[in-house]
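Written out below as structure tokens is the structure these notes cover.
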Amino acid sequence: MRPAAGWRCRGLSRRTDERAGEPEGTARSHGRAGVEGTPQRPPRPAVGGVEPLPRQRGGPCAQGGRGGTPQRAREHRRGVEGTGVSAGHPDRSQAWALARAALDGLPGGGLNIAYEAVDRHVVHGDGDVVALRCLAADGAVQEHTYRDLREHTNRFAAVLDGLGVKPGGAVFTLLGRGWETHVSALGTLKHASVFCPLFAAFGPEPVRQRMLMGRARVLVTTRELYRRRIAGLRDQLPELAEVLLVDADPTTVEPGTRSWHDLMATADADYTIPWTDPESVALLHFTSGTTGRPKGALHVHDAVVAHHATAGHALGLRRGDVFWCTADPGWVTGTSYGIIAPLTHGATVVVDAGDFDARRWYGVLADQRVSVWYTAPTALRMLMRSGAELAGRYDLSALRHVASVGEPLNAEAVLWAQETFRRPVLDNWWQTETGAIMVSNAPGDEVRPGSMGRPEPGVEVALLERGTDGRPVLSDGQVVEVSDPRQVGELALRPGWPSMFRGYLDDEERYRRCFIGGWYCSGDLARRDVDGYYWFVGRGDDVIKSAGHLIGPFEVESALMEHPAVVEAGVIGKPDPVAGELVKAFVTLRPGFDADEQLRRELVAFGRRRLGSVAPREIVFDQHLPHTRSGKVMRRLLKARELGLPEGDVSTLERQ
Ligand code: ATP
Ligand code: MG
């Protein structure tokens with residue numbers, strides 16, 4: 001790759017398209033064919049004298065693999081066995097080539113995320129479509145069309161020029177949900193600089209650490225966040241040249257900062273996006289820190305190909321949709337699917353500044369006529385806590401489906417939400433490192449509650465056998481795949497998808513360790529059923545070894561959540577001299593249930609009936625399970641507390 005100026009990203013030196021052409025080795029492909037759901041429009045006239053790229057049509061992508069019936073899926077697998085390629089789609093890279101062809105590319109060549117998300121729609125006559133519908137906490141609504149967004153992002157790119165920022169510089173945001181985040185992100189990308197969002201509720205130390213690691217040149221934030229988080233550490237951030245405040249005018253700016261709006265007002269509304277190498281670094285995202293110190297994953301402009309394709313396929317997004325992604329803009333989901341992907345489809349994106357509140361959220365879904373909703377298991381579980389009756393008071397008829405990501409979505413929650421919303425509830429799996437959805441229950445597919453679904457088109461997934469050291473086993477330099485549906489393996493992806501991270505910030509060694517025998521190893525464990533659906537078992541580090549059994553905490557947690565009293569559970573292995581580890585569960589109860597000895601005994605017995613020998617021996621009640629700020633149960637913290645060990649990096653812990 002060609003890292004942007006000033007970026008120490010040495011993780012990978014080959015280009016994606018070269019990797020995509022790698023020999024397939026012994027691995028079997030399980031990638032699905034077809035990108036239905038990606039809007040297909042007639043070819044467009046040449047723009048600026050440049051012939052448009054061929055548009056994506058049905059072609060080979062429309063065949064096979066997406067029928068949704070178990071039989072179709074089995075046929076798909078049969079085509080796979082022994083051939084080394086997926087049935088109906090002989091070439092993974094072809095899937096991405098077709099996805100790439102659905103985008104325009106810059107008029108003068110190159111590929112820039114912001115052009116695909118914004119300018120393209122204006123060029124094609126959709127400038128009046130509402131791109132952002134922003135809901136303030138007090139209910140005020142502000143709309144920005146694609147034409148507005150083009151102008152705002154042009155201005156922000158020009159602001160960066162005016163401040164002397166060179167392409168490749170790092171622009172950070174420390175902001176809540178609001179249109180200024182979208183404009184700062186997309187304007188930075190237009191400028192060919194690197195965008196890095198931070199979670200607005202981070203304390204000063206996590207902010208300092210990440211800005212230092214990412215060599216932040218510009219920070220966009222608010223007056224209060226600046227005063228509380230940054231002002232005191234400004235001298236520790238020598239590379240931070242500019243701080244722009246979105247809620248200050250020239251008379252209220254803090255010393256050493258500038259007014260974002262003031263700069264925007266005087267900046268040029270015309271901006272020519274520089275030629276952008278698809279392989280230049282565009283995004284820096286820190287992981288959630290669930291398993292330890294957060295890592296900085298670097299993504300390139302080519303990622304937009306995967307954002308667009310997966311939003312069309314896994315989220316079923318089309319033109320005219322009203323899309324709401326509840327992820328905070330500080331995490332990868334907030335950028336990939338809160339900003340970029342829906343805009344590449346010309347959708348109207350709802351940006352809600354309010355915090356979670358069941359009534360408010362149902363109100364947003366109903367009043368804004370949201371057609372596709374992308375949320376997280378914690379949110380669905382919180383709605384579950386507030387009961388189905390509340391949902392029934394709102395008109396959710398515009399909704400086609402609900403999608404979820406971030407942590408395991410228990411079958412119980414899927415079934416509850418499907419019954420309550422009367423719509424499919426689609427779990428999907430991906431990571432900061434993958435940049436986009438990799439495995440999904442896609443619209444039109446049979447939903448298997450509790451399963452993450454099947455690989456996206458162009459994505460090749462394998463389950464790898466792990467040795468006693470927890471690393472995938474190599475035999476003659478080749479990985480060993482798990483083939484028995486009962487067996488657990490490490491979920492691995494064949495490199496070559498466009499949004500694959502191109503490195504960990506300043507940690508080349510760690511990046512290299514992610515790849516074994518030609519596969520990217522995710523660190524997550526899963527099973528695959530005979531129809532090719534993947535079932536999450538747990539993170540490699542969380543898996544419990546008890547009396548010779550390998551126990552996935554998710555399985556135990558899901559079983560406990562089938563009990564009417566349990567709304568959430570966190571399960572860990574507690575050291576035991578005989579069994580090695582014993583299963584211990586921390587359980588959060590629904591309102592109305594008493595945390596008493598009788599219920600505890602009932603839950604132990606319930607677990608035993610459901611799970612047999614892998615049931616938790618110990619159950620304790622805990623109404624405040626530790627979560628990351630992106631909503632995941634921090635099992636490593638439960639375990640550290642259990643063992644009286646230091647808590648490690650807790651910068652992403654949600655404080656209650
Ligand atoms: P860190 O890598 O710093 O420990 P993290 O892995 O939580 O943090 P993210 O990249 O935000 O950081 O999260 C990706 C992880 O979230 C996945 O590896 C997986 O463990 C979990 N995850 C995401 N989606 C799902 C899903 N649908 N089902 C189960 N787990 C999921
Ligand atoms: Mg991770």
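Chain lettering (A, B, ...) mirrors the order of the structure tokens, residue numbering begins at 1 for each chain separately, and ligand numbering begins at 1 in order of display.
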
inquiry  = Could you list, as a list of chain:residue names, every residue within 8 Å of range 391-398 of chain A, counting only C-alpha atoms and ignoring same-chain residues fewer than 4 positions away?
reply    = A:Tyr362, A:Gly363, A:Leu365, A:Ala366, A:Arg369, A:Val370, A:Ser371, A:Gly387, A:Thr420, A:Phe421

DSSP strand (DSSP E or B) residues within range 305-519 of chain A, as a PyMOL selection string = chain A and resi 322-325+348-352+372-375+401-404+425-429+439-440+453-455+457+461-464+466+472+474-475+478-479+481+489-493+503-504+515-516+519

request  = Can you list, as number ranges by chain, all residues belonging to range 59-274 of chain A that DSSP tags as alpha helix (DSSP H)?
outcome  = A: 70-80, 92-101, 113-114, 120-123, 146-162, 179-190, 204-213, 223-225, 260-266

inquiry  = Can you pull out the residues contacting Asp321 in chain A? Cut-off 10 Å, using only C-alpha atoms, and skip same-chain residues under 4 positions away; I want them as a ChimeraX atom specification.
reply    = /A:316-317,342,345-349,369-372,398-400

Go ahead and save the residues from that selection, with all heavy atoms, as a short mmCIF file (atom, residue, chain, number, x, y, z; two decimals), in the first residue's frame.
```
data_model
loop_
_atom_site.label_atom_id
_atom_site.label_comp_id
_atom_site.auth_asym_id
_atom_site.auth_seq_id
_atom_site.Cartn_x
_atom_site.Cartn_y
_atom_site.Cartn_z
N GLY A 316 -29.91 -4.30 2.95
CA GLY A 316 -30.98 -4.13 1.98
C GLY A 316 -31.28 -2.67 1.67
O GLY A 316 -32.41 -2.32 1.33
N LEU A 317 -30.28 -1.81 1.78
CA LEU A 317 -30.53 -0.38 1.55
C LEU A 317 -30.75 -0.08 0.08
O LEU A 317 -30.06 -0.61 -0.78
CB LEU A 317 -29.33 0.43 2.02
CG LEU A 317 -29.41 1.06 3.39
CD1 LEU A 317 -28.21 1.96 3.62
CD2 LEU A 317 -30.68 1.88 3.56
N PRO A 342 -24.80 4.51 3.95
CA PRO A 342 -26.15 4.91 3.51
C PRO A 342 -26.11 6.06 2.52
O PRO A 342 -26.95 6.13 1.62
CB PRO A 342 -26.84 5.31 4.81
CG PRO A 342 -25.74 5.59 5.79
CD PRO A 342 -24.60 4.71 5.39
N HIS A 345 -25.73 5.18 -1.03
CA HIS A 345 -26.96 4.69 -1.64
C HIS A 345 -27.98 5.80 -1.88
O HIS A 345 -29.10 5.54 -2.30
CB HIS A 345 -27.59 3.60 -0.77
CG HIS A 345 -26.89 2.28 -0.91
ND1 HIS A 345 -27.22 1.38 -1.89
CD2 HIS A 345 -25.84 1.76 -0.24
CE1 HIS A 345 -26.41 0.33 -1.79
NE2 HIS A 345 -25.57 0.54 -0.80
N GLY A 346 -27.63 7.03 -1.53
CA GLY A 346 -28.57 8.13 -1.73
C GLY A 346 -29.73 8.10 -0.76
O GLY A 346 -30.80 8.66 -1.02
N ALA A 347 -29.53 7.43 0.39
CA ALA A 347 -30.62 7.34 1.38
C ALA A 347 -30.69 8.63 2.20
O ALA A 347 -29.80 9.47 2.15
CB ALA A 347 -30.35 6.16 2.31
N THR A 348 -31.78 8.77 2.96
CA THR A 348 -31.89 9.85 3.93
C THR A 348 -31.48 9.28 5.28
O THR A 348 -32.05 8.29 5.75
CB THR A 348 -33.34 10.38 4.00
OG1 THR A 348 -33.64 10.96 2.73
CG2 THR A 348 -33.51 11.40 5.11
N VAL A 349 -30.46 9.89 5.87
CA VAL A 349 -29.90 9.36 7.11
C VAL A 349 -30.45 10.16 8.29
O VAL A 349 -30.31 11.38 8.33
CB VAL A 349 -28.35 9.45 7.09
CG1 VAL A 349 -27.75 8.97 8.39
CG2 VAL A 349 -27.80 8.65 5.91
N ARG A 369 -40.53 7.69 9.86
CA ARG A 369 -40.84 6.64 8.90
C ARG A 369 -39.55 5.89 8.50
O ARG A 369 -39.23 5.73 7.31
CB ARG A 369 -41.54 7.18 7.65
CG ARG A 369 -42.73 8.07 7.92
CD ARG A 369 -43.99 7.34 8.34
NE ARG A 369 -44.45 6.35 7.40
CZ ARG A 369 -45.15 5.28 7.75
NH1 ARG A 369 -45.45 5.07 9.03
NH2 ARG A 369 -45.56 4.41 6.86
N VAL A 370 -38.80 5.49 9.51
CA VAL A 370 -37.53 4.79 9.26
C VAL A 370 -37.82 3.46 8.56
O VAL A 370 -38.68 2.69 9.00
CB VAL A 370 -36.78 4.55 10.59
CG1 VAL A 370 -35.56 3.65 10.39
CG2 VAL A 370 -36.38 5.89 11.21
N SER A 371 -37.12 3.19 7.44
CA SER A 371 -37.39 1.95 6.71
C SER A 371 -36.35 0.87 7.02
O SER A 371 -36.63 -0.31 6.94
CB SER A 371 -37.48 2.20 5.20
OG SER A 371 -36.37 2.93 4.75
N VAL A 372 -35.12 1.29 7.33
CA VAL A 372 -34.10 0.31 7.73
C VAL A 372 -33.43 0.84 8.99
O VAL A 372 -32.96 1.99 9.01
CB VAL A 372 -33.04 0.11 6.61
CG1 VAL A 372 -31.97 -0.88 7.07
CG2 VAL A 372 -33.70 -0.39 5.32
N ALA A 398 -43.44 1.60 8.42
CA ALA A 398 -42.48 1.92 7.36
C ALA A 398 -41.26 0.99 7.41
O ALA A 398 -40.51 0.86 6.44
CB ALA A 398 -42.02 3.37 7.47
N LEU A 399 -41.06 0.37 8.56
CA LEU A 399 -39.86 -0.45 8.79
C LEU A 399 -39.89 -1.73 7.95
O LEU A 399 -40.87 -2.47 8.00
CB LEU A 399 -39.83 -0.80 10.28
CG LEU A 399 -38.52 -1.16 10.94
CD1 LEU A 399 -37.49 -0.06 10.77
CD2 LEU A 399 -38.77 -1.43 12.44
N ARG A 400 -38.83 -1.99 7.17
CA ARG A 400 -38.75 -3.26 6.43
C ARG A 400 -38.04 -4.33 7.24
O ARG A 400 -38.39 -5.49 7.22
CB ARG A 400 -38.02 -3.07 5.10
CG ARG A 400 -38.81 -2.38 4.04
CD ARG A 400 -38.31 -2.76 2.63
NE ARG A 400 -36.87 -2.58 2.46
CZ ARG A 400 -36.28 -1.41 2.21
NH1 ARG A 400 -37.01 -0.32 2.13
NH2 ARG A 400 -34.98 -1.34 2.06
#
```

Within 7 Å of ligand 1, counting only C-alpha atoms and all ligand atoms, residues as an MDAnalysis selection string = chainID A and resid 287:295 404:409 427:433 452 522:524 536 538:539 632

Same residues, N, CA and C atoms, saved as a PDB file, in the first residue's frame:
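What landed in again06.pdb:
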```pdb
ATOM      1  N   THR A 287     -10.300   0.236  18.133  1.00  0.00           N
ATOM      2  CA  THR A 287     -11.215  -0.864  18.469  1.00  0.00           C
ATOM      3  C   THR A 287     -11.875  -0.570  19.820  1.00  0.00           C
ATOM      4  N   SER A 288     -12.821  -1.414  20.197  1.00  0.00           N
ATOM      5  CA  SER A 288     -13.601  -1.150  21.418  1.00  0.00           C
ATOM      6  C   SER A 288     -12.836  -1.407  22.705  1.00  0.00           C
ATOM      7  N   GLY A 289     -11.707  -2.106  22.622  1.00  0.00           N
ATOM      8  CA  GLY A 289     -10.951  -2.388  23.840  1.00  0.00           C
ATOM      9  C   GLY A 289     -11.620  -3.421  24.728  1.00  0.00           C
ATOM     10  N   THR A 290     -12.422  -4.294  24.129  1.00  0.00           N
ATOM     11  CA  THR A 290     -13.119  -5.310  24.920  1.00  0.00           C
ATOM     12  C   THR A 290     -12.123  -6.299  25.516  1.00  0.00           C
ATOM     13  N   THR A 291     -11.110  -6.647  24.724  1.00  0.00           N
ATOM     14  CA  THR A 291     -10.176  -7.668  25.181  1.00  0.00           C
ATOM     15  C   THR A 291      -8.860  -7.091  25.669  1.00  0.00           C
ATOM     16  N   GLY A 292      -8.695  -5.803  25.661  1.00  0.00           N
ATOM     17  CA  GLY A 292      -7.434  -5.225  26.126  1.00  0.00           C
ATOM     18  C   GLY A 292      -7.277  -3.807  25.613  1.00  0.00           C
ATOM     19  N   ARG A 293      -6.037  -3.393  25.463  1.00  0.00           N
ATOM     20  CA  ARG A 293      -5.764  -2.025  25.006  1.00  0.00           C
ATOM     21  C   ARG A 293      -6.285  -1.839  23.583  1.00  0.00           C
ATOM     22  N   PRO A 294      -7.030  -0.756  23.336  1.00  0.00           N
ATOM     23  CA  PRO A 294      -7.565  -0.551  21.979  1.00  0.00           C
ATOM     24  C   PRO A 294      -6.463  -0.413  20.939  1.00  0.00           C
ATOM     25  N   LYS A 295      -6.760  -0.936  19.760  1.00  0.00           N
ATOM     26  CA  LYS A 295      -5.797  -0.884  18.653  1.00  0.00           C
ATOM     27  C   LYS A 295      -6.312   0.097  17.605  1.00  0.00           C
ATOM     28  N   SER A 404     -28.698  -5.776  13.381  1.00  0.00           N
ATOM     29  CA  SER A 404     -27.995  -5.613  14.656  1.00  0.00           C
ATOM     30  C   SER A 404     -26.548  -6.055  14.511  1.00  0.00           C
ATOM     31  N   VAL A 405     -25.666  -5.389  15.254  1.00  0.00           N
ATOM     32  CA  VAL A 405     -24.253  -5.764  15.234  1.00  0.00           C
ATOM     33  C   VAL A 405     -23.585  -5.367  16.534  1.00  0.00           C
ATOM     34  N   GLY A 406     -22.407  -5.907  16.768  1.00  0.00           N
ATOM     35  CA  GLY A 406     -21.576  -5.430  17.873  1.00  0.00           C
ATOM     36  C   GLY A 406     -21.265  -6.491  18.897  1.00  0.00           C
ATOM     37  N   GLU A 407     -22.210  -7.342  19.147  1.00  0.00           N
ATOM     38  CA  GLU A 407     -22.010  -8.457  20.067  1.00  0.00           C
ATOM     39  C   GLU A 407     -23.081  -9.489  19.751  1.00  0.00           C
ATOM     40  N   PRO A 408     -22.995 -10.654  20.368  1.00  0.00           N
ATOM     41  CA  PRO A 408     -23.955 -11.690  20.003  1.00  0.00           C
ATOM     42  C   PRO A 408     -25.391 -11.261  20.255  1.00  0.00           C
ATOM     43  N   LEU A 409     -26.234 -11.546  19.305  1.00  0.00           N
ATOM     44  CA  LEU A 409     -27.665 -11.267  19.469  1.00  0.00           C
ATOM     45  C   LEU A 409     -28.349 -12.601  19.762  1.00  0.00           C
ATOM     46  N   ASP A 427     -29.185 -10.294  12.382  1.00  0.00           N
ATOM     47  CA  ASP A 427     -27.889 -10.137  13.039  1.00  0.00           C
ATOM     48  C   ASP A 427     -26.800 -10.170  11.974  1.00  0.00           C
ATOM     49  N   ASN A 428     -25.769  -9.357  12.149  1.00  0.00           N
ATOM     50  CA  ASN A 428     -24.597  -9.507  11.271  1.00  0.00           C
ATOM     51  C   ASN A 428     -23.314  -9.309  12.057  1.00  0.00           C
ATOM     52  N   TRP A 429     -22.242  -9.823  11.492  1.00  0.00           N
ATOM     53  CA  TRP A 429     -20.952  -9.847  12.206  1.00  0.00           C
ATOM     54  C   TRP A 429     -19.886  -9.120  11.419  1.00  0.00           C
ATOM     55  N   TRP A 430     -19.113  -8.330  12.111  1.00  0.00           N
ATOM     56  CA  TRP A 430     -17.884  -7.765  11.558  1.00  0.00           C
ATOM     57  C   TRP A 430     -17.081  -7.153  12.681  1.00  0.00           C
ATOM     58  N   GLN A 431     -15.950  -6.567  12.353  1.00  0.00           N
ATOM     59  CA  GLN A 431     -15.060  -6.001  13.366  1.00  0.00           C
ATOM     60  C   GLN A 431     -14.508  -4.664  12.875  1.00  0.00           C
ATOM     61  N   THR A 432     -13.918  -3.925  13.780  1.00  0.00           N
ATOM     62  CA  THR A 432     -13.238  -2.687  13.368  1.00  0.00           C
ATOM     63  C   THR A 432     -12.256  -3.024  12.241  1.00  0.00           C
ATOM     64  N   GLU A 433     -11.565  -4.132  12.400  1.00  0.00           N
ATOM     65  CA  GLU A 433     -10.530  -4.511  11.436  1.00  0.00           C
ATOM     66  C   GLU A 433     -11.113  -4.816  10.052  1.00  0.00           C
ATOM     67  N   MET A 452     -25.241 -15.650  13.170  1.00  0.00           N
ATOM     68  CA  MET A 452     -24.772 -14.390  12.565  1.00  0.00           C
ATOM     69  C   MET A 452     -25.055 -14.371  11.068  1.00  0.00           C
ATOM     70  N   SER A 522      -9.688 -13.813  13.054  1.00  0.00           N
ATOM     71  CA  SER A 522     -10.460 -12.765  13.722  1.00  0.00           C
ATOM     72  C   SER A 522     -10.352 -12.796  15.234  1.00  0.00           C
ATOM     73  N   GLY A 523      -9.925 -13.941  15.788  1.00  0.00           N
ATOM     74  CA  GLY A 523      -9.906 -14.060  17.250  1.00  0.00           C
ATOM     75  C   GLY A 523     -11.245 -14.498  17.819  1.00  0.00           C
ATOM     76  N   ASP A 524     -12.272 -14.612  16.969  1.00  0.00           N
ATOM     77  CA  ASP A 524     -13.586 -15.072  17.422  1.00  0.00           C
ATOM     78  C   ASP A 524     -13.757 -16.548  17.074  1.00  0.00           C
ATOM     79  N   PHE A 536     -21.945 -17.804  16.510  1.00  0.00           N
ATOM     80  CA  PHE A 536     -20.891 -17.265  17.370  1.00  0.00           C
ATOM     81  C   PHE A 536     -20.782 -18.098  18.643  1.00  0.00           C
ATOM     82  N   GLY A 538     -17.805 -17.468  20.946  1.00  0.00           N
ATOM     83  CA  GLY A 538     -17.193 -16.559  21.927  1.00  0.00           C
ATOM     84  C   GLY A 538     -15.907 -16.009  21.364  1.00  0.00           C
ATOM     85  N   ARG A 539     -15.346 -15.068  22.066  1.00  0.00           N
ATOM     86  CA  ARG A 539     -14.030 -14.587  21.683  1.00  0.00           C
ATOM     87  C   ARG A 539     -13.019 -15.622  22.144  1.00  0.00           C
ATOM     88  N   LYS A 632     -20.656  -3.629  24.743  1.00  0.00           N
ATOM     89  CA  LYS A 632     -20.353  -5.054  24.889  1.00  0.00           C
ATOM     90  C   LYS A 632     -20.070  -5.397  26.351  1.00  0.00           C
TER      91      LYS A 632
END
```

Could you give me, as a CSV table (one decimal) with N, CA and C atoms, in the first residue's frame, the residues within 7 Å of range 190-194 of chain A, counting only C-alpha atoms and dropping anything in the same chain fewer than 3 positions from it?
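And here is the file that came out, part.csv:
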```
chain,number,residue,atom,x,y,z
A,112,ASN,N,-12.5,8.3,-4.2
A,112,ASN,CA,-12.5,9.0,-2.9
A,112,ASN,C,-13.9,8.8,-2.3
A,114,ALA,N,-15.6,10.3,-0.1
A,114,ALA,CA,-16.6,11.4,0.0
A,114,ALA,C,-17.3,11.7,-1.3
A,157,ALA,N,-13.2,21.0,3.5
A,157,ALA,CA,-12.0,20.7,2.8
A,157,ALA,C,-11.2,21.9,2.6
A,167,PRO,N,-2.7,17.1,2.7
A,167,PRO,CA,-3.4,15.8,2.6
A,167,PRO,C,-2.6,14.7,3.4
A,168,GLY,N,-3.3,13.8,4.1
A,168,GLY,CA,-2.7,12.8,4.9
A,168,GLY,C,-2.6,13.2,6.3
A,169,GLY,N,-2.9,14.5,6.7
A,169,GLY,CA,-2.9,14.9,8.1
A,169,GLY,C,-4.1,14.2,8.8
A,170,ALA,N,-4.0,14.1,10.1
A,170,ALA,CA,-5.0,13.4,10.9
A,170,ALA,C,-6.0,14.4,11.5
A,171,VAL,N,-7.3,14.3,11.1
A,171,VAL,CA,-8.3,15.2,11.7
A,171,VAL,C,-9.2,14.3,12.6
A,186,LEU,N,-16.6,13.8,6.2
A,186,LEU,CA,-16.6,13.7,4.7
A,186,LEU,C,-15.7,14.8,4.1
A,187,GLY,N,-15.6,16.0,4.8
A,187,GLY,CA,-14.7,17.1,4.3
A,187,GLY,C,-13.3,16.7,4.4
A,273,ILE,N,-11.8,17.9,-5.6
A,273,ILE,CA,-11.2,16.8,-4.8
A,273,ILE,C,-9.9,16.4,-5.5
A,276,THR,N,-7.3,10.8,-5.8
A,276,THR,CA,-7.1,10.0,-4.6
A,276,THR,C,-6.8,8.6,-4.9
A,281,VAL,N,-4.6,6.0,2.9
A,281,VAL,CA,-5.3,5.9,4.2
A,281,VAL,C,-6.3,6.9,4.3
A,282,ALA,N,-7.5,6.5,4.7
A,282,ALA,CA,-8.7,7.4,4.8
A,282,ALA,C,-9.2,7.5,6.3
A,283,LEU,N,-9.2,6.4,7.0
A,283,LEU,CA,-9.8,6.3,8.3
A,283,LEU,C,-8.9,5.6,9.3
A,284,LEU,N,-9.0,6.2,10.5
A,284,LEU,CA,-8.3,5.5,11.6
A,284,LEU,C,-9.4,5.3,12.6
```

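Distances to ligand 2 were evaluated for A:Val650, A:Gly296, A:Gly312, A:Gly592 using only C-alpha atoms and all ligand atoms, and the minimum falls at A:Gly296.
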
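Closest approach to ligand 2 from the set A:Trp275, A:Trp535, A:Tyr504, A:Tyr374 is made by A:Tyr504, with distances taken over only C-alpha atoms and all ligand atoms.
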
List every residue of range 238-278 of chain A that has an atom at most 12 Å from any atom of range 195-217 of chain A, giving for each one its closest atom pair and the distance in Å to one decimal, counting only C-alpha atoms, sorted by chain and then by ascending residue number, as a Markdown table.
```
| residue | atom | partner | partner_atom | distance |
| --- | --- | --- | --- | --- |
| A:Pro238 | CA | A:Leu212 | CA | 8.6 |
| A:Glu239 | CA | A:Arg217 | CA | 5.6 |
| A:Leu240 | CA | A:Arg217 | CA | 4.4 |
| A:Ala241 | CA | A:Arg217 | CA | 5.4 |
| A:Glu242 | CA | A:Arg217 | CA | 6.6 |
| A:Val243 | CA | A:Arg217 | CA | 8.7 |
| A:Leu244 | CA | A:Arg217 | CA | 11.2 |
```

Exercise: Ile551 in chain A partners within 10 Å, only C-alpha atoms, chain neighbours under 3 positions left out, as JSON, numbers by chain = {"A": [488, 537, 538, 542, 543, 544, 545, 546, 548, 554, 555, 556, 572, 573, 582, 583, 614, 615]}

Nearest to Ala569 in chain A by atom-to-atom distance, counting only C-alpha atoms, from A:Pro626, A:Gly612, A:Gly540, A:Gly517 = A:Pro626

ask   = If we count only C-alpha atoms, what is near range 490-502 of chain A at a cut-off of 8 Å, once residues fewer than 6 positions away on the same chain are taken out, given as a PyMOL selection string?
value = chain A and resi 1+9+11-12+16-17+19-20+93+96+297-300+302-307+433-436+458-466+472+518-526+540

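CA of Ala117 in chain A to CA of Leu426 in chain A spans 24.4 Å [interatomic distance, one decimal].
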
inquiry  = At a cut-off of 6 Å, using only C-alpha atoms, what residues contact range 124-128 of chain A? Leave out same-chain residues fewer than 4 positions from it and give the result as a VMD selection string.
reply    = chain A and resid 145 to 147

request  = Could you tell me which of A:Val332, A:Ala231, A:Ala309, A:Leu106 comes closest to ligand 2 if we count only C-alpha atoms and all ligand atoms?
outcome  = A:Val332
